[in-house]
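The file final.tsv contains TSV, C-alpha atoms and all ligand atoms:
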chain	number	residue	atom	x	y	z
A	1	MET	CA	95.47	50.42	-21.01
A	2	THR	CA	94.14	46.88	-21.46
A	3	LYS	CA	93.46	45.27	-24.83
A	4	PRO	CA	89.67	45.37	-25.35
A	5	ILE	CA	87.94	42.16	-24.27
A	6	PHE	CA	84.69	43.14	-26.01
A	7	GLU	CA	84.02	45.25	-29.10
A	8	LYS	CA	80.69	46.71	-28.09
A	9	LEU	CA	79.21	46.92	-24.60
A	10	ALA	CA	75.51	47.73	-24.26
A	11	LEU	CA	74.33	49.00	-20.89
A	12	ILE	CA	70.60	48.83	-20.31
A	13	GLY	CA	70.06	51.17	-17.39
A	14	SER	CA	72.41	54.07	-16.65
A	15	GLY	CA	72.07	54.55	-12.91
A	16	LEU	CA	74.71	54.10	-10.22
A	17	ILE	CA	75.83	50.68	-11.44
A	18	GLY	CA	75.44	51.19	-15.21
A	19	SER	CA	77.29	54.50	-15.19
A	20	SER	CA	80.03	53.14	-12.90
A	21	ILE	CA	80.58	50.21	-15.30
A	22	ALA	CA	80.85	52.71	-18.17
A	23	HIS	CA	83.37	54.90	-16.32
A	24	ALA	CA	85.48	51.91	-15.27
A	25	ALA	CA	85.30	50.15	-18.65
A	26	ARG	CA	86.40	53.30	-20.42
A	27	ALA	CA	89.19	54.00	-17.93
A	28	GLN	CA	90.52	50.48	-18.40
A	29	GLY	CA	90.02	50.32	-22.18
A	30	VAL	CA	88.28	47.00	-21.70
A	31	VAL	CA	85.69	47.60	-24.47
A	32	ARG	CA	85.99	49.47	-27.75
A	33	THR	CA	82.52	51.10	-27.76
A	34	ILE	CA	79.95	51.76	-25.05
A	35	VAL	CA	76.26	52.18	-25.84
A	36	ALA	CA	73.99	53.14	-22.96
A	37	THR	CA	70.29	53.65	-22.57
A	38	ALA	CA	67.69	54.27	-19.86
A	39	ARG	CA	63.94	54.08	-19.55
A	40	SER	CA	63.22	57.82	-19.59
A	41	GLU	CA	64.20	60.52	-22.07
A	42	LYS	CA	65.32	62.65	-19.09
A	43	THR	CA	67.95	60.12	-18.00
A	44	ARG	CA	69.07	59.42	-21.58
A	45	GLN	CA	69.56	63.17	-22.05
A	46	ARG	CA	71.59	63.36	-18.85
A	47	VAL	CA	73.76	60.43	-20.00
A	48	LYS	CA	74.47	62.36	-23.20
A	49	GLU	CA	75.50	65.41	-21.16
A	50	LEU	CA	77.73	63.37	-18.84
A	51	GLY	CA	79.39	61.74	-21.84
A	52	PHE	CA	80.39	58.41	-20.26
A	53	ALA	CA	78.98	56.45	-23.21
A	54	ASP	CA	80.04	56.71	-26.86
A	55	GLU	CA	76.42	56.47	-27.92
A	56	VAL	CA	73.06	56.86	-26.18
A	57	ALA	CA	70.44	54.57	-27.70
A	58	ALA	CA	66.79	55.67	-27.90
A	59	ASP	CA	65.56	52.33	-26.53
A	60	ASN	CA	66.65	48.90	-25.30
A	61	ILE	CA	66.30	47.23	-28.71
A	62	ALA	CA	68.51	49.81	-30.42
A	63	ALA	CA	71.06	49.51	-27.58
A	64	VAL	CA	71.70	45.76	-27.99
A	65	LYS	CA	72.20	45.89	-31.76
A	66	ASP	CA	75.57	44.26	-32.59
A	67	ALA	CA	76.65	44.32	-28.93
A	68	ASP	CA	78.83	41.39	-27.88
A	69	LEU	CA	78.33	42.15	-24.17
A	70	VAL	CA	74.94	43.28	-22.87
A	71	ILE	CA	74.67	44.17	-19.17
A	72	VAL	CA	71.20	44.82	-17.79
A	73	CYS	CA	71.58	47.37	-14.94
A	74	ILE	CA	67.98	47.98	-13.85
A	75	PRO	CA	65.82	47.13	-10.81
A	76	VAL	CA	65.36	43.33	-10.71
A	77	GLY	CA	61.57	43.52	-11.01
A	78	GLN	CA	62.02	44.78	-14.61
A	79	SER	CA	64.41	42.02	-15.72
A	80	GLY	CA	61.86	39.66	-17.29
A	81	ALA	CA	60.13	42.36	-19.35
A	82	VAL	CA	63.46	43.68	-20.63
A	83	ALA	CA	64.70	40.18	-21.55
A	84	GLN	CA	61.48	39.64	-23.51
A	85	GLU	CA	62.01	42.96	-25.27
A	86	ILE	CA	65.68	42.46	-26.26
A	87	GLY	CA	65.66	38.65	-26.74
A	88	PRO	CA	64.89	38.62	-30.49
A	89	HIS	CA	67.42	41.39	-31.23
A	90	LEU	CA	70.55	40.00	-29.58
A	91	LYS	CA	73.64	39.25	-31.65
A	92	ALA	CA	74.45	35.53	-31.99
A	93	GLY	CA	77.24	34.59	-29.59
A	94	ALA	CA	76.70	37.66	-27.36
A	95	ILE	CA	77.13	37.42	-23.60
A	96	VAL	CA	74.08	38.69	-21.71
A	97	SER	CA	74.56	39.55	-18.05
A	98	ASP	CA	73.03	41.72	-15.35
A	99	VAL	CA	73.97	43.27	-12.01
A	100	GLY	CA	70.85	42.53	-9.95
A	101	SER	CA	71.12	42.08	-6.21
A	102	VAL	CA	68.95	38.94	-6.37
A	103	LYS	CA	69.93	36.11	-8.69
A	104	GLY	CA	67.27	33.35	-8.51
A	105	SER	CA	64.47	35.61	-9.75
A	106	VAL	CA	66.64	37.11	-12.51
A	107	LEU	CA	67.55	33.64	-13.80
A	108	ARG	CA	63.91	32.58	-13.64
A	109	ASP	CA	62.56	35.75	-15.26
A	110	MET	CA	65.18	36.35	-17.98
A	111	ALA	CA	66.32	32.90	-19.17
A	112	PRO	CA	63.05	31.89	-20.91
A	113	PHE	CA	63.23	34.94	-23.20
A	114	LEU	CA	66.87	34.63	-24.27
A	115	PRO	CA	67.68	32.75	-27.50
A	116	LYS	CA	69.83	29.58	-27.42
A	117	ASN	CA	72.62	31.25	-29.41
A	118	VAL	CA	73.59	33.74	-26.65
A	119	HIS	CA	75.41	33.08	-23.37
A	120	PHE	CA	73.51	34.09	-20.27
A	121	VAL	CA	75.77	34.70	-17.26
A	122	PRO	CA	74.04	36.61	-14.44
A	123	ALA	CA	76.29	38.60	-12.10
A	124	HIS	CA	76.12	40.73	-8.97
A	125	PRO	CA	78.83	43.27	-8.19
A	126	VAL	CA	78.62	43.53	-4.41
A	127	ALA	CA	79.43	47.23	-4.44
A	128	GLY	CA	77.26	50.25	-4.11
A	129	THR	CA	76.42	53.45	-2.36
A	130	GLU	CA	73.14	54.98	-1.15
A	131	ASN	CA	73.03	57.18	-4.26
A	132	SER	CA	71.35	56.42	-7.55
A	133	GLY	CA	71.06	57.81	-11.06
A	134	PRO	CA	73.59	58.56	-13.82
A	135	ASP	CA	75.40	61.29	-11.86
A	136	SER	CA	76.26	58.96	-8.98
A	137	GLY	CA	78.59	56.56	-10.85
A	138	PHE	CA	82.38	56.51	-10.56
A	139	ALA	CA	85.14	54.36	-12.04
A	140	GLU	CA	86.53	53.04	-8.73
A	141	LEU	CA	83.25	51.61	-7.39
A	142	PHE	CA	84.22	47.99	-8.02
A	143	VAL	CA	87.86	48.08	-6.92
A	144	ASN	CA	88.53	45.30	-4.40
A	145	ARG	CA	84.80	44.50	-4.21
A	146	TRP	CA	83.39	41.10	-5.00
A	147	CYS	CA	81.52	40.37	-8.18
A	148	ILE	CA	79.55	37.13	-7.84
A	149	LEU	CA	78.77	35.25	-11.05
A	150	THR	CA	75.87	32.79	-10.99
A	151	PRO	CA	76.13	30.96	-14.32
A	152	PRO	CA	73.47	28.31	-15.01
A	153	ALA	CA	74.78	24.73	-14.75
A	154	ASP	CA	75.11	24.37	-18.56
A	155	ALA	CA	76.81	27.76	-19.13
A	156	ASP	CA	79.69	27.97	-21.61
A	157	ALA	CA	82.92	27.99	-19.56
A	158	ALA	CA	84.73	30.31	-22.02
A	159	ALA	CA	81.91	32.90	-21.83
A	160	VAL	CA	81.95	32.76	-18.02
A	161	GLU	CA	85.72	33.28	-17.98
A	162	ARG	CA	85.48	36.19	-20.42
A	163	LEU	CA	82.94	37.93	-18.21
A	164	ALA	CA	85.07	37.17	-15.13
A	165	LEU	CA	88.05	38.76	-16.88
A	166	PHE	CA	85.94	41.85	-17.69
A	167	TRP	CA	85.04	42.28	-14.00
A	168	ARG	CA	88.58	41.61	-12.81
A	169	THR	CA	89.79	44.33	-15.19
A	170	LEU	CA	87.31	46.72	-13.56
A	171	GLY	CA	89.08	45.94	-10.27
A	172	ALA	CA	86.67	43.40	-8.80
A	173	LYS	CA	87.43	40.05	-7.19
A	174	VAL	CA	85.32	37.37	-8.88
A	175	GLU	CA	83.61	34.34	-7.34
A	176	SER	CA	81.08	31.90	-8.83
A	177	MET	CA	78.22	30.17	-7.00
A	178	SER	CA	74.68	28.98	-7.64
A	179	ALA	CA	71.92	31.61	-7.78
A	180	GLU	CA	70.17	29.92	-4.87
A	181	HIS	CA	73.26	30.04	-2.65
A	182	HIS	CA	73.93	33.67	-3.61
A	183	ASP	CA	70.42	34.65	-2.51
A	184	LEU	CA	70.83	32.97	0.87
A	185	VAL	CA	74.24	34.59	1.52
A	186	LEU	CA	73.07	38.05	0.44
A	187	ALA	CA	69.86	37.74	2.46
A	188	ILE	CA	71.88	37.76	5.69
A	189	THR	CA	74.79	39.97	4.64
A	190	SER	CA	72.85	42.67	2.82
A	191	HIS	CA	69.08	42.31	2.58
A	192	VAL	CA	68.20	41.78	6.26
A	193	PRO	CA	70.59	44.60	7.38
A	194	HIS	CA	68.84	46.93	4.94
A	195	LEU	CA	65.44	45.89	6.27
A	196	ILE	CA	66.60	46.55	9.84
A	197	ALA	CA	67.91	49.98	8.84
A	198	TYR	CA	64.66	50.84	7.06
A	199	THR	CA	62.74	49.72	10.14
A	200	ILE	CA	64.75	51.49	12.81
A	201	VAL	CA	64.92	54.80	10.96
A	202	GLY	CA	61.15	54.66	10.46
A	203	THR	CA	60.61	53.77	14.15
A	204	ALA	CA	62.73	56.70	15.34
A	205	ASP	CA	60.87	59.01	13.01
A	206	GLU	CA	57.52	58.00	14.50
A	207	LEU	CA	58.51	58.31	18.17
A	208	GLY	CA	56.28	60.85	19.89
A	209	GLU	CA	58.45	61.48	22.97
A	210	VAL	CA	61.68	62.07	21.01
A	211	THR	CA	61.37	65.01	18.70
A	212	GLN	CA	62.55	64.82	15.08
A	213	SER	CA	65.19	67.46	15.78
A	214	GLU	CA	66.62	65.33	18.62
A	215	VAL	CA	66.83	62.32	16.31
A	216	LEU	CA	68.81	64.40	13.85
A	217	GLN	CA	70.88	66.18	16.48
A	218	PHE	CA	72.05	63.06	18.35
A	219	SER	CA	72.30	60.79	15.34
A	220	ALA	CA	76.05	60.17	15.78
A	221	GLY	CA	75.35	57.25	18.11
A	222	GLY	CA	75.03	54.37	15.65
A	223	PHE	CA	71.77	55.66	14.22
A	224	ARG	CA	73.64	57.78	11.67
A	225	ASP	CA	75.05	54.67	9.99
A	226	PHE	CA	71.56	53.19	9.75
A	227	THR	CA	70.30	56.39	8.09
A	228	ARG	CA	72.89	56.02	5.33
A	229	ILE	CA	71.63	52.53	4.50
A	230	ALA	CA	67.99	53.59	4.89
A	231	ALA	CA	68.58	56.28	2.24
A	232	SER	CA	69.09	53.57	-0.43
A	233	ASP	CA	66.95	53.61	-3.55
A	234	PRO	CA	63.30	52.71	-2.74
A	235	THR	CA	62.55	51.09	-6.13
A	236	MET	CA	65.64	48.90	-6.08
A	237	TRP	CA	65.01	47.72	-2.52
A	238	ARG	CA	61.29	47.12	-2.97
A	239	ASP	CA	62.22	44.80	-5.84
A	240	VAL	CA	64.98	43.07	-3.83
A	241	PHE	CA	62.63	42.21	-0.94
A	242	LEU	CA	59.92	40.94	-3.27
A	243	ALA	CA	62.35	38.94	-5.41
A	244	ASN	CA	64.28	37.36	-2.52
A	245	ARG	CA	61.41	37.09	-0.10
A	246	GLU	CA	61.87	33.41	0.80
A	247	ALA	CA	65.54	33.68	1.79
A	248	VAL	CA	64.95	36.99	3.60
A	249	LEU	CA	61.99	35.55	5.53
A	250	GLU	CA	64.09	32.51	6.50
A	251	MET	CA	66.89	34.75	7.81
A	252	LEU	CA	64.40	37.08	9.54
A	253	GLY	CA	62.99	34.07	11.40
A	254	ARG	CA	66.46	33.30	12.79
A	255	PHE	CA	67.09	36.98	13.51
A	256	ASN	CA	63.86	37.25	15.50
A	257	GLU	CA	64.85	34.20	17.60
A	258	ASP	CA	68.24	35.74	18.40
A	259	LEU	CA	66.66	39.09	19.19
A	260	SER	CA	64.24	37.34	21.58
A	261	ALA	CA	67.19	35.63	23.31
A	262	LEU	CA	68.94	38.98	23.86
A	263	THR	CA	65.68	40.59	24.99
A	264	ARG	CA	65.21	37.77	27.51
A	265	ALA	CA	68.78	38.21	28.80
A	266	MET	CA	68.21	41.92	29.29
A	267	ARG	CA	64.88	41.41	31.03
A	268	SER	CA	66.33	38.84	33.43
A	269	GLY	CA	69.49	40.92	34.00
A	270	ASP	CA	71.75	38.19	32.56
A	271	GLY	CA	74.84	40.27	31.73
A	272	ASP	CA	76.92	37.20	30.88
A	273	VAL	CA	74.72	36.34	27.90
A	274	LEU	CA	74.96	39.91	26.61
A	275	PHE	CA	78.71	40.10	27.20
A	276	GLU	CA	79.41	36.79	25.44
A	277	HIS	CA	77.26	37.76	22.48
A	278	PHE	CA	78.90	41.17	22.07
A	279	THR	CA	82.37	39.58	22.37
A	280	ARG	CA	81.54	37.17	19.54
A	281	THR	CA	80.22	39.96	17.29
A	282	ARG	CA	83.25	42.15	17.98
A	283	ALA	CA	85.46	39.31	16.73
A	284	ILE	CA	83.40	39.17	13.52
A	285	ARG	CA	84.02	42.87	12.88
A	286	ARG	CA	87.76	42.35	13.47
A	287	GLY	CA	87.69	39.43	11.03
A	288	ILE	CA	86.09	41.64	8.34
A	289	VAL	CA	88.84	44.24	8.81
A	290	GLN	CA	91.54	41.53	8.77
A	291	ILE	CA	90.47	40.17	5.38
A	292	GLY	CA	90.52	43.73	3.97
A	293	GLN	CA	86.74	44.11	3.56
A	294	ASP	CA	86.75	47.34	5.57
A	295	SER	CA	89.13	49.92	6.98
A	296	ALA	CA	90.59	49.46	10.46
A	297	ALA	CA	90.20	53.22	11.07
A	298	PRO	CA	87.77	53.91	13.93
A	299	ASP	CA	84.31	55.27	13.12
A	300	PHE	CA	84.66	54.20	9.45
A	301	GLY	CA	87.59	56.57	9.05
A	302	ARG	CA	85.53	59.72	9.58
A	303	THR	CA	87.69	62.71	10.36
A	304	HIS	CA	87.18	64.54	13.62
A	305	PRO	CA	87.73	68.27	14.14
A	306	THR	CA	90.69	69.28	16.27
A	307	LEU	CA	90.13	70.71	19.77
A	308	THR	CA	90.96	74.19	18.52
A	309	GLU	CA	88.40	73.85	15.76
A	310	ALA	CA	85.85	72.52	18.26
A	311	LYS	CA	86.36	75.58	20.51
A	312	LYS	CA	85.33	77.90	17.68
A	313	ASP	CA	81.84	76.29	17.48
A	401	LIG	P1	69.54	53.28	-10.37
A	401	LIG	O1	70.68	54.17	-10.08
A	401	LIG	O2	68.20	53.60	-9.82
A	401	LIG	O3	69.39	53.16	-11.97
A	401	LIG	C1	68.46	52.34	-12.60
A	401	LIG	C2	68.53	52.57	-14.09
A	401	LIG	O4	67.67	51.61	-14.74
A	401	LIG	C3	68.01	53.95	-14.53
A	401	LIG	O5	68.86	54.45	-15.54
A	401	LIG	C4	66.63	53.63	-15.11
A	401	LIG	O6	66.22	54.56	-16.09
A	401	LIG	C5	66.90	52.28	-15.72
A	401	LIG	N1	65.72	51.48	-16.02
A	401	LIG	C6	64.73	51.10	-15.19
A	401	LIG	N2	63.83	50.34	-15.86
A	401	LIG	C7	64.29	50.24	-17.13
A	401	LIG	C8	63.80	49.62	-18.30
A	401	LIG	N3	62.68	48.92	-18.29
A	401	LIG	N4	64.53	49.73	-19.44
A	401	LIG	C9	65.68	50.44	-19.48
A	401	LIG	N5	66.19	51.05	-18.39
A	401	LIG	C10	65.49	50.96	-17.24
A	401	LIG	O7	69.83	51.78	-9.95
A	401	LIG	P2	71.23	51.06	-9.58
A	401	LIG	O8	71.61	51.40	-8.18
A	401	LIG	O9	72.21	51.31	-10.68
A	401	LIG	O10	70.77	49.54	-9.56
A	401	LIG	C11	70.62	48.81	-10.74
A	401	LIG	C12	70.69	47.33	-10.42
A	401	LIG	O11	71.92	47.08	-9.75
A	401	LIG	C13	69.58	46.82	-9.49
A	401	LIG	O12	69.10	45.59	-9.97
A	401	LIG	C14	70.28	46.62	-8.17
A	401	LIG	O13	69.71	45.52	-7.47
A	401	LIG	C15	71.70	46.32	-8.59
A	401	LIG	N6	72.73	46.70	-7.62
A	401	LIG	C16	72.64	47.91	-6.97
A	401	LIG	C17	73.60	48.25	-6.04
A	401	LIG	C18	73.50	49.56	-5.29
A	401	LIG	O14	74.10	49.72	-4.22
A	401	LIG	N7	72.78	50.54	-5.80
A	401	LIG	C19	74.69	47.39	-5.79
A	401	LIG	C20	74.79	46.20	-6.51
A	401	LIG	C21	73.80	45.87	-7.42
A	401	LIG	P3	65.40	55.88	-15.65
A	401	LIG	O15	66.35	56.75	-14.86
A	401	LIG	O16	65.03	56.50	-16.94
A	401	LIG	O17	64.23	55.41	-14.84

Mind turning the file's structure into structure tokens?
Ligand code: NAP
Amino acid sequence: MTKPIFEKLALIGSGLIGSSIAHAARAQGVVRTIVATARSEKTRQRVKELGFADEVAADNIAAVKDADLVIVCIPVGQSGAVAQEIGPHLKAGAIVSDVGSVKGSVLRDMAPFLPKNVHFVPAHPVAGTENSGPDSGFAELFVNRWCILTPPADADAAAVERLALFWRTLGAKVESMSAEHHDLVLAITSHVPHLIAYTIVGTADELGEVTQSEVLQFSAGGFRDFTRIAASDPTMWRDVFLANREAVLEMLGRFNEDLSALTRAMRSGDGDVLFEHFTRTRAIRRGIVQIGQDSAAPDFGRTHPTLTEAKKD
């Protein structure tokens, strides 16, 4: 057990990320008390039943009372309104952070409503699953995943380090960068891939000549991995694309150019262009495995039935 770094942690939002923080913080003894809340009575009731918080507050204002760490774990489109709501009720000296997948908009929307006597250090744990809600959280979510801090230029260095220590204790690797740079990096590594998955799963669904049952039946061929991403929370992702639209549009422009180049190569039967491109991308995948960002096991480590088992089917 670690010595607590914070006395009282307030979690605004108790979905996948909020509940995972609560589970991990409790497992590591990194805070003395956890207060959680959510927008609806239904979720707050469920949080009470699940018991991962010491207290469930009736609203956001009650949740932040006396908290020395406040983490806002809600869809990014709500950040400004929540900052306005809690701003006047924050404890002097508290650290206020968030977990939003876009950082420029969060900084822009929240900072104006936060008093001068608190430390605002936005953060993004780059860890998640396609599930949402208070039942989906688990303590190990952040282990060996990056948590990117995007402190404003004038942020208090001691507050930034304290938050970094909190995330490291939850198992994350911590990196700091500007909000603008974060949004550009995440646009290509996360946001555009999600948009492609949402698109391709929708396209397959609308195909007249391939029946829905065939799409489901033969979905092992790459499509299945897109469907996992395309099952991600609609509210969260709507907000991400609206909040990071400039960086995503910039990356989509480049993506479309590269897609056109591959389309041209296919049309003109230029196998060399395709082969060289696929060789380069294969090396990128190997690089990701080498730095420990994914398992080297084939097919994402999925287990396969034995031949004897297969015969029974
Ligand atoms: P989630 O599972 O859908 O949970 C969202 C939570 O926010 C719910 O408890 C919801 O309450 C609450 N909420 C919404 N508006 C609120 C408000 N105005 N006041 C108080 N609570 C409010 O979402 P999540 O996956 O945890 O995502 C939360 C944030 O983490 C997002 O900003 C997302 O970009 C970021 N993030 C997500 C992932 C991921 O893979 N999911 C990864 C990294 C970062 P109700 O249930 O009552 O509506």

* To do: May I ask for the distance between CA of Val102 (chain A) and atom C16 of ligand LIG 401 (chain A), given in Å to one decimal place?
  => 9.7 Å

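Ranking A:Arg302, A:His191, A:Lys103, A:His124 by their shortest atom-to-atom distance to Val174 (chain A), with all atoms listed in the file included, puts A:His124 first.
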
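For the choices A:Ala92, A:Ala153, A:Val240, A:Ala197, the atom-to-atom distance to ligand LIG 401 (chain A) is smallest for A:Val240 when using all atoms listed in the file.
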
Just want the residues within 6 Å of ligand LIG 401 (chain A), written as a short mmCIF file (atom, residue, chain, number, x, y, z; two decimals) with C-alpha atoms, in the coordinates of the input, counting only C-alpha atoms and all ligand atoms.
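Full text of pocket-v7.cif as output:
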data_model
loop_
_atom_site.label_atom_id
_atom_site.label_comp_id
_atom_site.auth_asym_id
_atom_site.auth_seq_id
_atom_site.Cartn_x
_atom_site.Cartn_y
_atom_site.Cartn_z
CA ILE A 12 70.60 48.83 -20.31
CA GLY A 13 70.06 51.17 -17.39
CA SER A 14 72.41 54.07 -16.65
CA GLY A 15 72.07 54.55 -12.91
CA LEU A 16 74.71 54.10 -10.22
CA ILE A 17 75.83 50.68 -11.44
CA GLY A 18 75.44 51.19 -15.21
CA ALA A 38 67.69 54.27 -19.86
CA ARG A 39 63.94 54.08 -19.55
CA SER A 40 63.22 57.82 -19.59
CA THR A 43 67.95 60.12 -18.00
CA CYS A 73 71.58 47.37 -14.94
CA ILE A 74 67.98 47.98 -13.85
CA PRO A 75 65.82 47.13 -10.81
CA VAL A 76 65.36 43.33 -10.71
CA GLN A 78 62.02 44.78 -14.61
CA VAL A 82 63.46 43.68 -20.63
CA VAL A 99 73.97 43.27 -12.01
CA GLY A 100 70.85 42.53 -9.95
CA SER A 101 71.12 42.08 -6.21
CA HIS A 124 76.12 40.73 -8.97
CA PRO A 125 78.83 43.27 -8.19
CA VAL A 126 78.62 43.53 -4.41
CA ALA A 127 79.43 47.23 -4.44
CA GLY A 128 77.26 50.25 -4.11
CA THR A 129 76.42 53.45 -2.36
CA SER A 132 71.35 56.42 -7.55
CA GLY A 133 71.06 57.81 -11.06
CA MET A 236 65.64 48.90 -6.08
#

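Nearest residue to Asp109 (chain A) among A:Ala243, A:Ser136, A:Glu161, A:Glu214 is A:Ala243, counting all atoms listed in the file.
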
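Checking A:Thr279, A:Ser20, A:Thr308, A:Ser295 one by one against Gly171 (chain A), counting all atoms listed in the file, you find the shortest gap at A:Ser20.
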
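Put simply, CA of Asp59 (chain A) is 18.4 Å away from CA of Ala94 (chain A).
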
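Between CA of Leu90 (chain A) and CA of Glu41 (chain A) the separation is 22.8 Å.
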
* Using only C-alpha atoms, find all polymer residues with an atom at most 9 Å away from the point (73.5, 40.5, 15.7); report them as a list of chain:residue names. => A:Phe255, A:Asp258, A:Leu259, A:His277, A:Phe278, A:Thr281

* Nearest-residue call for Val185 (chain A), choices A:Phe241, A:Ser219, A:Met251, A:Asp270, using all atoms listed in the file -> A:Met251

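Proximity ranking of A:Gly287, A:Pro115, A:Gly104, A:Gly269 relative to Ile86 (chain A) places A:Pro115 first, based on only C-alpha atoms.
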
* For Arg108 (chain A), work out the shell of residues within 12 Å, counting only C-alpha atoms and skipping chain neighbours fewer than 6 positions away, then give it as a ChimeraX atom specification. => /A:76-77,79-81,83,102,114,120,122,152,179-180,243

Store the residues picked out above, limited to C-alpha atoms, as a PDB file, in the frame of the given file.
ATOM      1  CA  VAL A  76      65.360  43.330 -10.710  1.00  0.00           C
ATOM      2  CA  GLY A  77      61.570  43.520 -11.010  1.00  0.00           C
ATOM      3  CA  SER A  79      64.410  42.020 -15.720  1.00  0.00           C
ATOM      4  CA  GLY A  80      61.860  39.660 -17.290  1.00  0.00           C
ATOM      5  CA  ALA A  81      60.130  42.360 -19.350  1.00  0.00           C
ATOM      6  CA  ALA A  83      64.700  40.180 -21.550  1.00  0.00           C
ATOM      7  CA  VAL A 102      68.950  38.940  -6.370  1.00  0.00           C
ATOM      8  CA  LEU A 114      66.870  34.630 -24.270  1.00  0.00           C
ATOM      9  CA  PHE A 120      73.510  34.090 -20.270  1.00  0.00           C
ATOM     10  CA  PRO A 122      74.040  36.610 -14.440  1.00  0.00           C
ATOM     11  CA  PRO A 152      73.470  28.310 -15.010  1.00  0.00           C
ATOM     12  CA  ALA A 179      71.920  31.610  -7.780  1.00  0.00           C
ATOM     13  CA  GLU A 180      70.170  29.920  -4.870  1.00  0.00           C
ATOM     14  CA  ALA A 243      62.350  38.940  -5.410  1.00  0.00           C
TER      15      ALA A 243
END

* Write out as a ChimeraX atom specification which residues come within 10 Å of Arg26 (chain A) when counting all atoms listed in the file, dropping same-chain ones fewer than 2 positions away. => /A:1,4,20-24,28-34,52-54,139,170

Could you add the missing atoms to region 144-156 of chain A, up to N, CA, C and O atoms, and return them as a JSON list (two decimals), in the frame of the given file?
[["chain", "number", "residue", "atom", "x", "y", "z"],
["A", 144, "ASN", "N", 88.42, 46.15, -5.60],
["A", 144, "ASN", "CA", 88.53, 45.30, -4.40],
["A", 144, "ASN", "C", 87.18, 44.86, -3.84],
["A", 144, "ASN", "O", 87.10, 44.41, -2.70],
["A", 145, "ARG", "N", 86.12, 44.99, -4.62],
["A", 145, "ARG", "CA", 84.80, 44.50, -4.21],
["A", 145, "ARG", "C", 84.56, 43.17, -4.92],
["A", 145, "ARG", "O", 85.13, 42.92, -5.98],
["A", 146, "TRP", "N", 83.69, 42.37, -4.36],
["A", 146, "TRP", "CA", 83.39, 41.10, -5.00],
["A", 146, "TRP", "C", 82.39, 41.28, -6.12],
["A", 146, "TRP", "O", 81.47, 42.08, -6.02],
["A", 147, "CYS", "N", 82.58, 40.50, -7.18],
["A", 147, "CYS", "CA", 81.52, 40.37, -8.18],
["A", 147, "CYS", "C", 81.19, 38.88, -8.23],
["A", 147, "CYS", "O", 82.07, 38.05, -8.52],
["A", 148, "ILE", "N", 79.95, 38.55, -7.90],
["A", 148, "ILE", "CA", 79.55, 37.13, -7.84],
["A", 148, "ILE", "C", 78.86, 36.75, -9.15],
["A", 148, "ILE", "O", 77.86, 37.38, -9.53],
["A", 149, "LEU", "N", 79.40, 35.76, -9.84],
["A", 149, "LEU", "CA", 78.77, 35.25, -11.05],
["A", 149, "LEU", "C", 77.92, 34.04, -10.68],
["A", 149, "LEU", "O", 78.35, 33.22, -9.86],
["A", 150, "THR", "N", 76.72, 33.95, -11.27],
["A", 150, "THR", "CA", 75.87, 32.79, -10.99],
["A", 150, "THR", "C", 75.47, 32.14, -12.32],
["A", 150, "THR", "O", 74.29, 32.17, -12.69],
["A", 151, "PRO", "N", 76.45, 31.54, -13.02],
["A", 151, "PRO", "CA", 76.13, 30.96, -14.32],
["A", 151, "PRO", "C", 75.22, 29.74, -14.15],
["A", 151, "PRO", "O", 75.39, 28.98, -13.18],
["A", 152, "PRO", "N", 74.27, 29.53, -15.07],
["A", 152, "PRO", "CA", 73.47, 28.31, -15.01],
["A", 152, "PRO", "C", 74.38, 27.10, -15.18],
["A", 152, "PRO", "O", 75.50, 27.23, -15.70],
["A", 153, "ALA", "N", 73.93, 25.93, -14.76],
["A", 153, "ALA", "CA", 74.78, 24.73, -14.75],
["A", 153, "ALA", "C", 75.36, 24.42, -16.14],
["A", 153, "ALA", "O", 76.50, 23.95, -16.25],
["A", 154, "ASP", "N", 74.63, 24.73, -17.21],
["A", 154, "ASP", "CA", 75.11, 24.37, -18.56],
["A", 154, "ASP", "C", 75.79, 25.55, -19.26],
["A", 154, "ASP", "O", 75.96, 25.55, -20.48],
["A", 155, "ALA", "N", 76.21, 26.57, -18.50],
["A", 155, "ALA", "CA", 76.81, 27.76, -19.13],
["A", 155, "ALA", "C", 78.13, 27.42, -19.80],
["A", 155, "ALA", "O", 78.86, 26.52, -19.37],
["A", 156, "ASP", "N", 78.44, 28.16, -20.87],
["A", 156, "ASP", "CA", 79.69, 27.97, -21.61],
["A", 156, "ASP", "C", 80.86, 28.51, -20.76],
["A", 156, "ASP", "O", 80.87, 29.70, -20.41]]
